[in-house]
file target-v3.pdb (PDB, N, CA and C atoms and all ligand atoms)
ATOM      1  N   MET A 471      39.468 110.592 -64.962  1.00  0.00           N
ATOM      2  CA  MET A 471      39.771 110.367 -66.386  1.00  0.00           C
ATOM      3  C   MET A 471      41.140 109.711 -66.485  1.00  0.00           C
ATOM      4  N   THR A 472      41.140 108.462 -66.833  1.00  0.00           N
ATOM      5  CA  THR A 472      42.378 107.705 -66.933  1.00  0.00           C
ATOM      6  C   THR A 472      42.690 107.447 -68.397  1.00  0.00           C
ATOM      7  N   THR A 473      43.947 107.666 -68.735  1.00  0.00           N
ATOM      8  CA  THR A 473      44.377 107.377 -70.094  1.00  0.00           C
ATOM      9  C   THR A 473      44.724 105.894 -70.188  1.00  0.00           C
ATOM     10  N   THR A 474      44.208 105.236 -71.187  1.00  0.00           N
ATOM     11  CA  THR A 474      44.551 103.833 -71.405  1.00  0.00           C
ATOM     12  C   THR A 474      45.299 103.708 -72.714  1.00  0.00           C
ATOM     13  N   VAL A 475      46.396 103.002 -72.654  1.00  0.00           N
ATOM     14  CA  VAL A 475      47.225 102.811 -73.844  1.00  0.00           C
ATOM     15  C   VAL A 475      47.295 101.321 -74.135  1.00  0.00           C
ATOM     16  N   TRP A 476      47.063 100.948 -75.358  1.00  0.00           N
ATOM     17  CA  TRP A 476      47.135  99.533 -75.746  1.00  0.00           C
ATOM     18  C   TRP A 476      48.505  99.251 -76.349  1.00  0.00           C
ATOM     19  N   LEU A 477      49.126  98.206 -75.835  1.00  0.00           N
ATOM     20  CA  LEU A 477      50.454  97.828 -76.309  1.00  0.00           C
ATOM     21  C   LEU A 477      50.360  96.557 -77.143  1.00  0.00           C
ATOM     22  N   SER A 478      51.243  96.448 -78.088  1.00  0.00           N
ATOM     23  CA  SER A 478      51.286  95.209 -78.871  1.00  0.00           C
ATOM     24  C   SER A 478      51.893  94.110 -78.000  1.00  0.00           C
ATOM     25  N   PRO A 479      51.649  92.831 -78.339  1.00  0.00           N
ATOM     26  CA  PRO A 479      52.139  91.739 -77.494  1.00  0.00           C
ATOM     27  C   PRO A 479      53.646  91.769 -77.264  1.00  0.00           C
ATOM     28  N   SER A 480      54.404  92.333 -78.191  1.00  0.00           N
ATOM     29  CA  SER A 480      55.861  92.294 -78.058  1.00  0.00           C
ATOM     30  C   SER A 480      56.457  93.626 -77.598  1.00  0.00           C
ATOM     31  N   ALA A 481      55.637  94.613 -77.289  1.00  0.00           N
ATOM     32  CA  ALA A 481      56.157  95.944 -76.944  1.00  0.00           C
ATOM     33  C   ALA A 481      56.952  95.914 -75.641  1.00  0.00           C
ATOM     34  N   THR A 482      58.088  96.589 -75.600  1.00  0.00           N
ATOM     35  CA  THR A 482      58.859  96.704 -74.364  1.00  0.00           C
ATOM     36  C   THR A 482      59.031  98.171 -73.977  1.00  0.00           C
ATOM     37  N   ALA A 483      58.419  99.059 -74.740  1.00  0.00           N
ATOM     38  CA  ALA A 483      58.470 100.481 -74.434  1.00  0.00           C
ATOM     39  C   ALA A 483      57.162 101.106 -74.895  1.00  0.00           C
ATOM     40  N   PHE A 484      56.839 102.236 -74.289  1.00  0.00           N
ATOM     41  CA  PHE A 484      55.611 102.910 -74.703  1.00  0.00           C
ATOM     42  C   PHE A 484      55.881 104.400 -74.811  1.00  0.00           C
ATOM     43  N   SER A 485      55.035 105.048 -75.551  1.00  0.00           N
ATOM     44  CA  SER A 485      55.101 106.490 -75.707  1.00  0.00           C
ATOM     45  C   SER A 485      53.674 106.940 -75.943  1.00  0.00           C
ATOM     46  N   CYS A 486      53.191 107.856 -75.121  1.00  0.00           N
ATOM     47  CA  CYS A 486      51.799 108.259 -75.264  1.00  0.00           C
ATOM     48  C   CYS A 486      51.640 109.686 -74.784  1.00  0.00           C
ATOM     49  N   VAL A 487      50.425 110.158 -74.871  1.00  0.00           N
ATOM     50  CA  VAL A 487      50.104 111.506 -74.428  1.00  0.00           C
ATOM     51  C   VAL A 487      49.109 111.387 -73.277  1.00  0.00           C
ATOM     52  N   CYS A 488      49.387 112.056 -72.162  1.00  0.00           N
ATOM     53  CA  CYS A 488      48.456 112.072 -71.036  1.00  0.00           C
ATOM     54  C   CYS A 488      47.336 113.049 -71.379  1.00  0.00           C
ATOM     55  N   GLU A 489      46.117 112.506 -71.488  1.00  0.00           N
ATOM     56  CA  GLU A 489      45.016 113.361 -71.950  1.00  0.00           C
ATOM     57  C   GLU A 489      44.653 114.482 -70.968  1.00  0.00           C
ATOM     58  N   PRO A 490      44.595 114.208 -69.654  1.00  0.00           N
ATOM     59  CA  PRO A 490      44.326 115.334 -68.730  1.00  0.00           C
ATOM     60  C   PRO A 490      45.380 116.435 -68.824  1.00  0.00           C
ATOM     61  N   CYS A 491      46.652 116.057 -68.959  1.00  0.00           N
ATOM     62  CA  CYS A 491      47.714 117.069 -69.078  1.00  0.00           C
ATOM     63  C   CYS A 491      47.567 117.846 -70.378  1.00  0.00           C
ATOM     64  N   LEU A 492      47.225 117.128 -71.441  1.00  0.00           N
ATOM     65  CA  LEU A 492      47.054 117.785 -72.737  1.00  0.00           C
ATOM     66  C   LEU A 492      45.909 118.783 -72.661  1.00  0.00           C
ATOM     67  N   GLU A 493      44.824 118.350 -72.027  1.00  0.00           N
ATOM     68  CA  GLU A 493      43.651 119.209 -71.895  1.00  0.00           C
ATOM     69  C   GLU A 493      43.975 120.450 -71.056  1.00  0.00           C
ATOM     70  N   ARG A 494      44.699 120.230 -69.960  1.00  0.00           N
ATOM     71  CA  ARG A 494      45.033 121.349 -69.085  1.00  0.00           C
ATOM     72  C   ARG A 494      45.955 122.338 -69.810  1.00  0.00           C
ATOM     73  N   ALA A 495      46.954 121.804 -70.515  1.00  0.00           N
ATOM     74  CA  ALA A 495      47.883 122.675 -71.236  1.00  0.00           C
ATOM     75  C   ALA A 495      47.140 123.427 -72.344  1.00  0.00           C
ATOM     76  N   ARG A 496      46.233 122.699 -73.004  1.00  0.00           N
ATOM     77  CA  ARG A 496      45.488 123.318 -74.094  1.00  0.00           C
ATOM     78  C   ARG A 496      44.646 124.477 -73.554  1.00  0.00           C
ATOM     79  N   ARG A 497      44.016 124.260 -72.404  1.00  0.00           N
ATOM     80  CA  ARG A 497      43.171 125.303 -71.819  1.00  0.00           C
ATOM     81  C   ARG A 497      43.990 126.485 -71.339  1.00  0.00           C
ATOM     82  N   SER A 498      45.266 126.233 -70.990  1.00  0.00           N
ATOM     83  CA  SER A 498      46.091 127.344 -70.509  1.00  0.00           C
ATOM     84  C   SER A 498      46.584 128.201 -71.671  1.00  0.00           C
ATOM     85  N   GLY A 499      46.323 127.762 -72.889  1.00  0.00           N
ATOM     86  CA  GLY A 499      46.578 128.615 -74.042  1.00  0.00           C
ATOM     87  C   GLY A 499      47.960 128.494 -74.666  1.00  0.00           C
ATOM     88  N   VAL A 500      48.730 127.466 -74.273  1.00  0.00           N
ATOM     89  CA  VAL A 500      50.047 127.303 -74.896  1.00  0.00           C
ATOM     90  C   VAL A 500      49.886 126.754 -76.315  1.00  0.00           C
ATOM     91  N   LEU A 501      50.937 126.837 -77.080  1.00  0.00           N
ATOM     92  CA  LEU A 501      50.913 126.287 -78.429  1.00  0.00           C
ATOM     93  C   LEU A 501      50.657 124.783 -78.354  1.00  0.00           C
ATOM     94  N   PHE A 502      49.982 124.268 -79.346  1.00  0.00           N
ATOM     95  CA  PHE A 502      49.637 122.843 -79.318  1.00  0.00           C
ATOM     96  C   PHE A 502      50.892 121.974 -79.234  1.00  0.00           C
ATOM     97  N   ALA A 503      51.933 122.360 -79.951  1.00  0.00           N
ATOM     98  CA  ALA A 503      53.178 121.579 -79.918  1.00  0.00           C
ATOM     99  C   ALA A 503      53.763 121.556 -78.506  1.00  0.00           C
ATOM    100  N   ASP A 504      53.667 122.683 -77.801  1.00  0.00           N
ATOM    101  CA  ASP A 504      54.164 122.727 -76.425  1.00  0.00           C
ATOM    102  C   ASP A 504      53.284 121.888 -75.508  1.00  0.00           C
ATOM    103  N   ALA A 505      51.983 121.965 -75.728  1.00  0.00           N
ATOM    104  CA  ALA A 505      51.054 121.163 -74.932  1.00  0.00           C
ATOM    105  C   ALA A 505      51.365 119.679 -75.112  1.00  0.00           C
ATOM    106  N   LEU A 506      51.640 119.280 -76.341  1.00  0.00           N
ATOM    107  CA  LEU A 506      51.964 117.883 -76.621  1.00  0.00           C
ATOM    108  C   LEU A 506      53.232 117.455 -75.896  1.00  0.00           C
ATOM    109  N   SER A 507      54.246 118.319 -75.916  1.00  0.00           N
ATOM    110  CA  SER A 507      55.499 117.900 -75.292  1.00  0.00           C
ATOM    111  C   SER A 507      55.368 117.856 -73.777  1.00  0.00           C
ATOM    112  N   VAL A 508      54.547 118.752 -73.210  1.00  0.00           N
ATOM    113  CA  VAL A 508      54.290 118.722 -71.762  1.00  0.00           C
ATOM    114  C   VAL A 508      53.560 117.436 -71.385  1.00  0.00           C
ATOM    115  N   ALA A 509      52.652 116.986 -72.241  1.00  0.00           N
ATOM    116  CA  ALA A 509      51.786 115.858 -71.907  1.00  0.00           C
ATOM    117  C   ALA A 509      52.365 114.510 -72.313  1.00  0.00           C
ATOM    118  N   SER A 510      53.475 114.509 -73.032  1.00  0.00           N
ATOM    119  CA  SER A 510      53.957 113.220 -73.526  1.00  0.00           C
ATOM    120  C   SER A 510      54.644 112.426 -72.418  1.00  0.00           C
ATOM    121  N   VAL A 511      54.383 111.150 -72.421  1.00  0.00           N
ATOM    122  CA  VAL A 511      54.908 110.229 -71.414  1.00  0.00           C
ATOM    123  C   VAL A 511      55.518 109.058 -72.158  1.00  0.00           C
ATOM    124  N   ARG A 512      56.709 108.666 -71.749  1.00  0.00           N
ATOM    125  CA  ARG A 512      57.302 107.496 -72.381  1.00  0.00           C
ATOM    126  C   ARG A 512      58.101 106.719 -71.355  1.00  0.00           C
ATOM    127  N   GLY A 513      58.346 105.466 -71.667  1.00  0.00           N
ATOM    128  CA  GLY A 513      59.101 104.657 -70.723  1.00  0.00           C
ATOM    129  C   GLY A 513      59.174 103.225 -71.194  1.00  0.00           C
ATOM    130  N   ALA A 514      59.735 102.394 -70.333  1.00  0.00           N
ATOM    131  CA  ALA A 514      59.883 100.977 -70.646  1.00  0.00           C
ATOM    132  C   ALA A 514      58.779 100.199 -69.953  1.00  0.00           C
ATOM    133  N   VAL A 515      58.443  99.049 -70.494  1.00  0.00           N
ATOM    134  CA  VAL A 515      57.433  98.190 -69.890  1.00  0.00           C
ATOM    135  C   VAL A 515      57.948  96.752 -69.945  1.00  0.00           C
ATOM    136  N   ALA A 516      57.755  96.027 -68.843  1.00  0.00           N
ATOM    137  CA  ALA A 516      58.228  94.643 -68.781  1.00  0.00           C
ATOM    138  C   ALA A 516      57.514  93.816 -69.845  1.00  0.00           C
ATOM    139  N   PRO A 517      58.256  93.010 -70.604  1.00  0.00           N
ATOM    140  CA  PRO A 517      57.618  92.260 -71.697  1.00  0.00           C
ATOM    141  C   PRO A 517      56.566  91.278 -71.222  1.00  0.00           C
ATOM    142  N   GLU A 518      56.660  90.804 -69.961  1.00  0.00           N
ATOM    143  CA  GLU A 518      55.689  89.816 -69.480  1.00  0.00           C
ATOM    144  C   GLU A 518      54.478  90.454 -68.806  1.00  0.00           C
ATOM    145  N   ALA A 519      54.511  91.782 -68.616  1.00  0.00           N
ATOM    146  CA  ALA A 519      53.420  92.440 -67.903  1.00  0.00           C
ATOM    147  C   ALA A 519      52.206  92.618 -68.810  1.00  0.00           C
ATOM    148  N   ALA A 520      51.047  92.158 -68.344  1.00  0.00           N
ATOM    149  CA  ALA A 520      49.815  92.317 -69.129  1.00  0.00           C
ATOM    150  C   ALA A 520      49.221  93.701 -68.914  1.00  0.00           C
ATOM    151  N   VAL A 521      49.300  94.180 -67.676  1.00  0.00           N
ATOM    152  CA  VAL A 521      48.767  95.508 -67.350  1.00  0.00           C
ATOM    153  C   VAL A 521      49.790  96.219 -66.465  1.00  0.00           C
ATOM    154  N   THR A 522      50.123  97.443 -66.809  1.00  0.00           N
ATOM    155  CA  THR A 522      51.061  98.232 -66.025  1.00  0.00           C
ATOM    156  C   THR A 522      50.432  99.598 -65.814  1.00  0.00           C
ATOM    157  N   VAL A 523      50.565 100.139 -64.607  1.00  0.00           N
ATOM    158  CA  VAL A 523      50.064 101.484 -64.355  1.00  0.00           C
ATOM    159  C   VAL A 523      51.256 102.402 -64.139  1.00  0.00           C
ATOM    160  N   VAL A 524      51.326 103.471 -64.902  1.00  0.00           N
ATOM    161  CA  VAL A 524      52.406 104.449 -64.748  1.00  0.00           C
ATOM    162  C   VAL A 524      51.756 105.800 -64.460  1.00  0.00           C
ATOM    163  N   ARG A 525      52.580 106.742 -64.061  1.00  0.00           N
ATOM    164  CA  ARG A 525      52.064 108.091 -63.826  1.00  0.00           C
ATOM    165  C   ARG A 525      52.835 109.084 -64.677  1.00  0.00           C
ATOM    166  N   CYS A 526      52.122 110.080 -65.151  1.00  0.00           N
ATOM    167  CA  CYS A 526      52.760 111.136 -65.914  1.00  0.00           C
ATOM    168  C   CYS A 526      53.423 112.096 -64.939  1.00  0.00           C
ATOM    169  N   ALA A 527      54.105 113.100 -65.465  1.00  0.00           N
ATOM    170  CA  ALA A 527      54.776 114.078 -64.606  1.00  0.00           C
ATOM    171  C   ALA A 527      53.774 114.801 -63.719  1.00  0.00           C
ATOM    172  N   GLY A 528      52.524 114.914 -64.171  1.00  0.00           N
ATOM    173  CA  GLY A 528      51.503 115.601 -63.394  1.00  0.00           C
ATOM    174  C   GLY A 528      50.787 114.693 -62.400  1.00  0.00           C
ATOM    175  N   GLY A 529      51.160 113.409 -62.354  1.00  0.00           N
ATOM    176  CA  GLY A 529      50.590 112.496 -61.378  1.00  0.00           C
ATOM    177  C   GLY A 529      49.345 111.754 -61.826  1.00  0.00           C
ATOM    178  N   HIS A 530      48.949 111.899 -63.081  1.00  0.00           N
ATOM    179  CA  HIS A 530      47.770 111.163 -63.553  1.00  0.00           C
ATOM    180  C   HIS A 530      48.143 109.716 -63.854  1.00  0.00           C
ATOM    181  N   GLU A 531      47.178 108.843 -63.580  1.00  0.00           N
ATOM    182  CA  GLU A 531      47.404 107.435 -63.884  1.00  0.00           C
ATOM    183  C   GLU A 531      47.252 107.174 -65.367  1.00  0.00           C
ATOM    184  N   ILE A 532      48.165 106.369 -65.887  1.00  0.00           N
ATOM    185  CA  ILE A 532      48.071 105.915 -67.274  1.00  0.00           C
ATOM    186  C   ILE A 532      48.150 104.393 -67.220  1.00  0.00           C
ATOM    187  N   VAL A 533      47.137 103.747 -67.765  1.00  0.00           N
ATOM    188  CA  VAL A 533      47.074 102.291 -67.727  1.00  0.00           C
ATOM    189  C   VAL A 533      47.574 101.758 -69.060  1.00  0.00           C
ATOM    190  N   LEU A 534      48.588 100.916 -68.982  1.00  0.00           N
ATOM    191  CA  LEU A 534      49.128 100.288 -70.187  1.00  0.00           C
ATOM    192  C   LEU A 534      48.581  98.869 -70.236  1.00  0.00           C
ATOM    193  N   ARG A 535      47.869  98.563 -71.268  1.00  0.00           N
ATOM    194  CA  ARG A 535      47.297  97.217 -71.398  1.00  0.00           C
ATOM    195  C   ARG A 535      47.829  96.572 -72.653  1.00  0.00           C
ATOM    196  N   ARG A 536      48.213  95.341 -72.496  1.00  0.00           N
ATOM    197  CA  ARG A 536      48.746  94.610 -73.632  1.00  0.00           C
ATOM    198  C   ARG A 536      47.598  93.907 -74.352  1.00  0.00           C
ATOM    199  N   VAL A 537      47.521  94.066 -75.643  1.00  0.00           N
ATOM    200  CA  VAL A 537      46.482  93.349 -76.384  1.00  0.00           C
ATOM    201  C   VAL A 537      46.815  91.860 -76.309  1.00  0.00           C
ATOM    202  N   GLU A 538      45.762  91.045 -76.295  1.00  0.00           N
ATOM    203  CA  GLU A 538      46.003  89.608 -76.171  1.00  0.00           C
ATOM    204  C   GLU A 538      46.640  89.062 -77.421  1.00  0.00           C
ATOM    205  N   ARG A 539      47.491  88.105 -77.188  1.00  0.00           N
ATOM    206  CA  ARG A 539      48.056  87.383 -78.327  1.00  0.00           C
ATOM    207  C   ARG A 539      46.919  86.607 -78.974  1.00  0.00           C
ATOM    208  N   PRO A 540      47.004  86.394 -80.259  1.00  0.00           N
ATOM    209  CA  PRO A 540      45.986  85.551 -80.890  1.00  0.00           C
ATOM    210  C   PRO A 540      46.027  84.165 -80.254  1.00  0.00           C
ATOM    211  N   ARG A 541      44.853  83.587 -80.061  1.00  0.00           N
ATOM    212  CA  ARG A 541      44.819  82.251 -79.459  1.00  0.00           C
ATOM    213  C   ARG A 541      45.519  81.258 -80.375  1.00  0.00           C
ATOM    214  N   PRO A 542      46.268  80.338 -79.780  1.00  0.00           N
ATOM    215  CA  PRO A 542      46.846  79.291 -80.628  1.00  0.00           C
ATOM    216  C   PRO A 542      45.725  78.414 -81.160  1.00  0.00           C
ATOM    217  N   LEU A 543      45.924  77.846 -82.300  1.00  0.00           N
ATOM    218  CA  LEU A 543      44.906  76.978 -82.870  1.00  0.00           C
ATOM    219  C   LEU A 543      44.702  75.782 -81.953  1.00  0.00           C
ATOM    220  N   ALA A 544      43.453  75.434 -81.733  1.00  0.00           N
ATOM    221  CA  ALA A 544      43.139  74.352 -80.795  1.00  0.00           C
ATOM    222  C   ALA A 544      43.700  73.026 -81.292  1.00  0.00           C
ATOM    223  N   ARG A 545      43.628  72.815 -82.568  1.00  0.00           N
ATOM    224  CA  ARG A 545      44.052  71.532 -83.114  1.00  0.00           C
ATOM    225  C   ARG A 545      44.897  71.789 -84.353  1.00  0.00           C
ATOM    226  N   HIS A 546      45.993  71.133 -84.437  1.00  0.00           N
ATOM    227  CA  HIS A 546      46.800  71.286 -85.634  1.00  0.00           C
ATOM    228  C   HIS A 546      46.388  70.232 -86.645  1.00  0.00           C
ATOM    229  N   SER A 547      46.372  70.627 -87.877  1.00  0.00           N
ATOM    230  CA  SER A 547      46.111  69.616 -88.895  1.00  0.00           C
ATOM    231  C   SER A 547      47.177  69.748 -89.959  1.00  0.00           C
ATOM    232  N   GLU A 548      47.398  68.688 -90.666  1.00  0.00           N
ATOM    233  CA  GLU A 548      48.436  68.688 -91.705  1.00  0.00           C
ATOM    234  C   GLU A 548      48.197  69.797 -92.719  1.00  0.00           C
ATOM    235  N   GLY A 549      46.927  70.058 -92.986  1.00  0.00           N
ATOM    236  CA  GLY A 549      46.572  71.040 -94.001  1.00  0.00           C
ATOM    237  C   GLY A 549      47.113  72.439 -93.700  1.00  0.00           C
ATOM    238  N   GLN A 550      47.208  72.766 -92.403  1.00  0.00           N
ATOM    239  CA  GLN A 550      47.670  74.103 -92.041  1.00  0.00           C
ATOM    240  C   GLN A 550      49.143  74.307 -92.323  1.00  0.00           C
ATOM    241  N   LEU A 551      49.859  73.205 -92.463  1.00  0.00           N
ATOM    242  CA  LEU A 551      51.295  73.340 -92.674  1.00  0.00           C
ATOM    243  C   LEU A 551      51.668  73.326 -94.155  1.00  0.00           C
ATOM    244  N   GLN A 552      50.689  73.049 -94.984  1.00  0.00           N
ATOM    245  CA  GLN A 552      51.005  72.967 -96.412  1.00  0.00           C
ATOM    246  C   GLN A 552      51.150  74.338 -97.016  1.00  0.00           C
ATOM    247  N   ILE A 553      52.097  74.466 -97.899  1.00  0.00           N
ATOM    248  CA  ILE A 553      52.269  75.705 -98.640  1.00  0.00           C
ATOM    249  C   ILE A 553      51.756  75.469-100.049  1.00  0.00           C
ATOM    250  N   ALA A 554      50.773  76.208-100.418  1.00  0.00           N
ATOM    251  CA  ALA A 554      50.140  75.988-101.720  1.00  0.00           C
ATOM    252  C   ALA A 554      51.049  76.483-102.843  1.00  0.00           C
TER     253      ALA A 554
HETATM  254 ZN    ZN A 601      48.948 113.961 -66.790  1.00  0.00          ZN
END
call {"tool": "encode", "arguments": {"input": "target-v3.pdb", "output": "structure tokens"}}
result
Amino acid sequence: MTTTVWLSPSATAFSCVCEPCLERARRSGVLFADALSVASVRGAVAPEAAVTVVRCAGGHEIVLRRVERPRPLARHSEGQLQIA
């Protein structure tokens, strides 16, 4: 069970919750707020990286994927630059 996090095209940092850690903490009966803080993972991500794999404190893989930038328009036309 791998956690996948989607990043915006300009993101340089991430913050997420490791689902296996959250599940394990939840099953151990701790308060939900404590489970969340145990499972939370945050860090920096290179702006040019499309996919980055990080690990939580418990060693689970977390895949950070950057959503694709919108495709540039294939052809520019004068009409697109006009402000109505
Ligand atoms: Zn984990």
call {"tool": "residues_near_ligand", "arguments": {"input": "target-v3.pdb", "ligand": "ligand ZN 601 (chain A)", "cutoff": "7 Å", "atoms": "only C-alpha atoms and all ligand atoms", "output": "MDAnalysis selection string"}}
result
chainID A and resid 488:491 509 526:530
call {"tool": "resolve_selection", "arguments": {"input": "target-v3.pdb", "expression": "the PyMOL selection byres (((chain A and resi 522) around 7) and not hetatm)", "output": "PyMOL selection string"}}
result
chain A and resi 519-521+523-524+532-536
call {"tool": "closest_residue", "arguments": {"input": "target-v3.pdb", "among": "A:Asp504, A:Glu518, A:Glu538, A:Glu531", "to": "A:Thr482", "atoms": "all atoms listed in the file"}}
result
A:Glu518
call {"tool": "atom_distance", "arguments": {"input": "target-v3.pdb", "atom1": "atom CA of A:Ala505", "atom2": "atom C of A:Ala483"}}
result
21.0 Å
call {"tool": "axis_aligned_box", "arguments": {"input": "target-v3.pdb", "around": "stretch 491-503 of chain A", "padding_each_side": "3 Å", "output": "AutoDock Vina command-line options"}}
result
--center_x 48.5 --center_y 122.3 --center_z -74.5 --size_x 16.6 --size_y 18.6 --size_z 17.0
call {"tool": "resolve_selection", "arguments": {"input": "target-v3.pdb", "expression": "the PyMOL selection byres (((chain A and resi 511) around 6.5) and not hetatm)", "output": "VMD selection string"}}
result
chain A and resid 484 to 488 508 to 510 512 to 513 526
call {"tool": "select_by_dssp", "arguments": {"input": "target-v3.pdb", "residues": "chain A", "states": "strand (DSSP E or B)", "output": "PyMOL selection string"}}
result
chain A and resi 473-477+483-487+510-514+521-525+531-536
call {"tool": "decode", "arguments": {"input": "target-v3.pdb", "residues": "stretch 493-514 of chain A", "atoms": "N, CA and C atoms", "output": "short mmCIF file (atom, residue, chain, number, x, y, z; two decimals), in the first residue's frame"}}
result
data_model
loop_
_atom_site.label_atom_id
_atom_site.label_comp_id
_atom_site.auth_asym_id
_atom_site.auth_seq_id
_atom_site.Cartn_x
_atom_site.Cartn_y
_atom_site.Cartn_z
N GLU A 493 -3.25 4.16 9.66
CA GLU A 493 -4.04 2.97 9.92
C GLU A 493 -3.50 2.21 11.14
N ARG A 494 -2.18 2.08 11.19
CA ARG A 494 -1.57 1.35 12.30
C ARG A 494 -1.82 2.09 13.62
N ALA A 495 -1.64 3.41 13.61
CA ALA A 495 -1.85 4.19 14.83
C ALA A 495 -3.33 4.12 15.24
N ARG A 496 -4.20 4.18 14.23
CA ARG A 496 -5.63 4.14 14.53
C ARG A 496 -5.98 2.81 15.18
N ARG A 497 -5.42 1.72 14.66
CA ARG A 497 -5.72 0.40 15.21
C ARG A 497 -5.15 0.23 16.60
N SER A 498 -4.06 0.97 16.90
CA SER A 498 -3.47 0.82 18.23
C SER A 498 -4.27 1.59 19.28
N GLY A 499 -5.26 2.34 18.83
CA GLY A 499 -6.20 2.94 19.77
C GLY A 499 -5.83 4.33 20.28
N VAL A 500 -4.83 4.97 19.67
CA VAL A 500 -4.49 6.33 20.12
C VAL A 500 -5.55 7.32 19.62
N LEU A 501 -5.53 8.49 20.19
CA LEU A 501 -6.45 9.53 19.75
C LEU A 501 -6.19 9.85 18.28
N PHE A 502 -7.23 10.21 17.58
CA PHE A 502 -7.07 10.47 16.14
C PHE A 502 -6.06 11.58 15.89
N ALA A 503 -6.09 12.61 16.72
CA ALA A 503 -5.14 13.72 16.55
C ALA A 503 -3.70 13.23 16.71
N ASP A 504 -3.48 12.31 17.65
CA ASP A 504 -2.14 11.76 17.83
C ASP A 504 -1.75 10.87 16.65
N ALA A 505 -2.71 10.10 16.17
CA ALA A 505 -2.46 9.25 15.01
C ALA A 505 -2.06 10.11 13.81
N LEU A 506 -2.75 11.22 13.64
CA LEU A 506 -2.44 12.12 12.53
C LEU A 506 -1.03 12.68 12.65
N SER A 507 -0.65 13.07 13.86
CA SER A 507 0.67 13.68 13.99
C SER A 507 1.77 12.65 13.82
N VAL A 508 1.51 11.40 14.24
CA VAL A 508 2.48 10.32 14.03
C VAL A 508 2.64 10.04 12.54
N ALA A 509 1.55 10.13 11.79
CA ALA A 509 1.56 9.73 10.38
C ALA A 509 1.92 10.87 9.44
N SER A 510 2.02 12.08 9.95
CA SER A 510 2.23 13.19 9.02
C SER A 510 3.68 13.24 8.54
N VAL A 511 3.83 13.53 7.28
CA VAL A 511 5.13 13.57 6.62
C VAL A 511 5.20 14.89 5.86
N ARG A 512 6.32 15.58 6.00
CA ARG A 512 6.46 16.81 5.23
C ARG A 512 7.91 16.98 4.82
N GLY A 513 8.11 17.79 3.81
CA GLY A 513 9.48 18.00 3.35
C GLY A 513 9.50 18.87 2.12
N ALA A 514 10.69 19.00 1.57
CA ALA A 514 10.87 19.81 0.37
C ALA A 514 10.94 18.90 -0.84
#
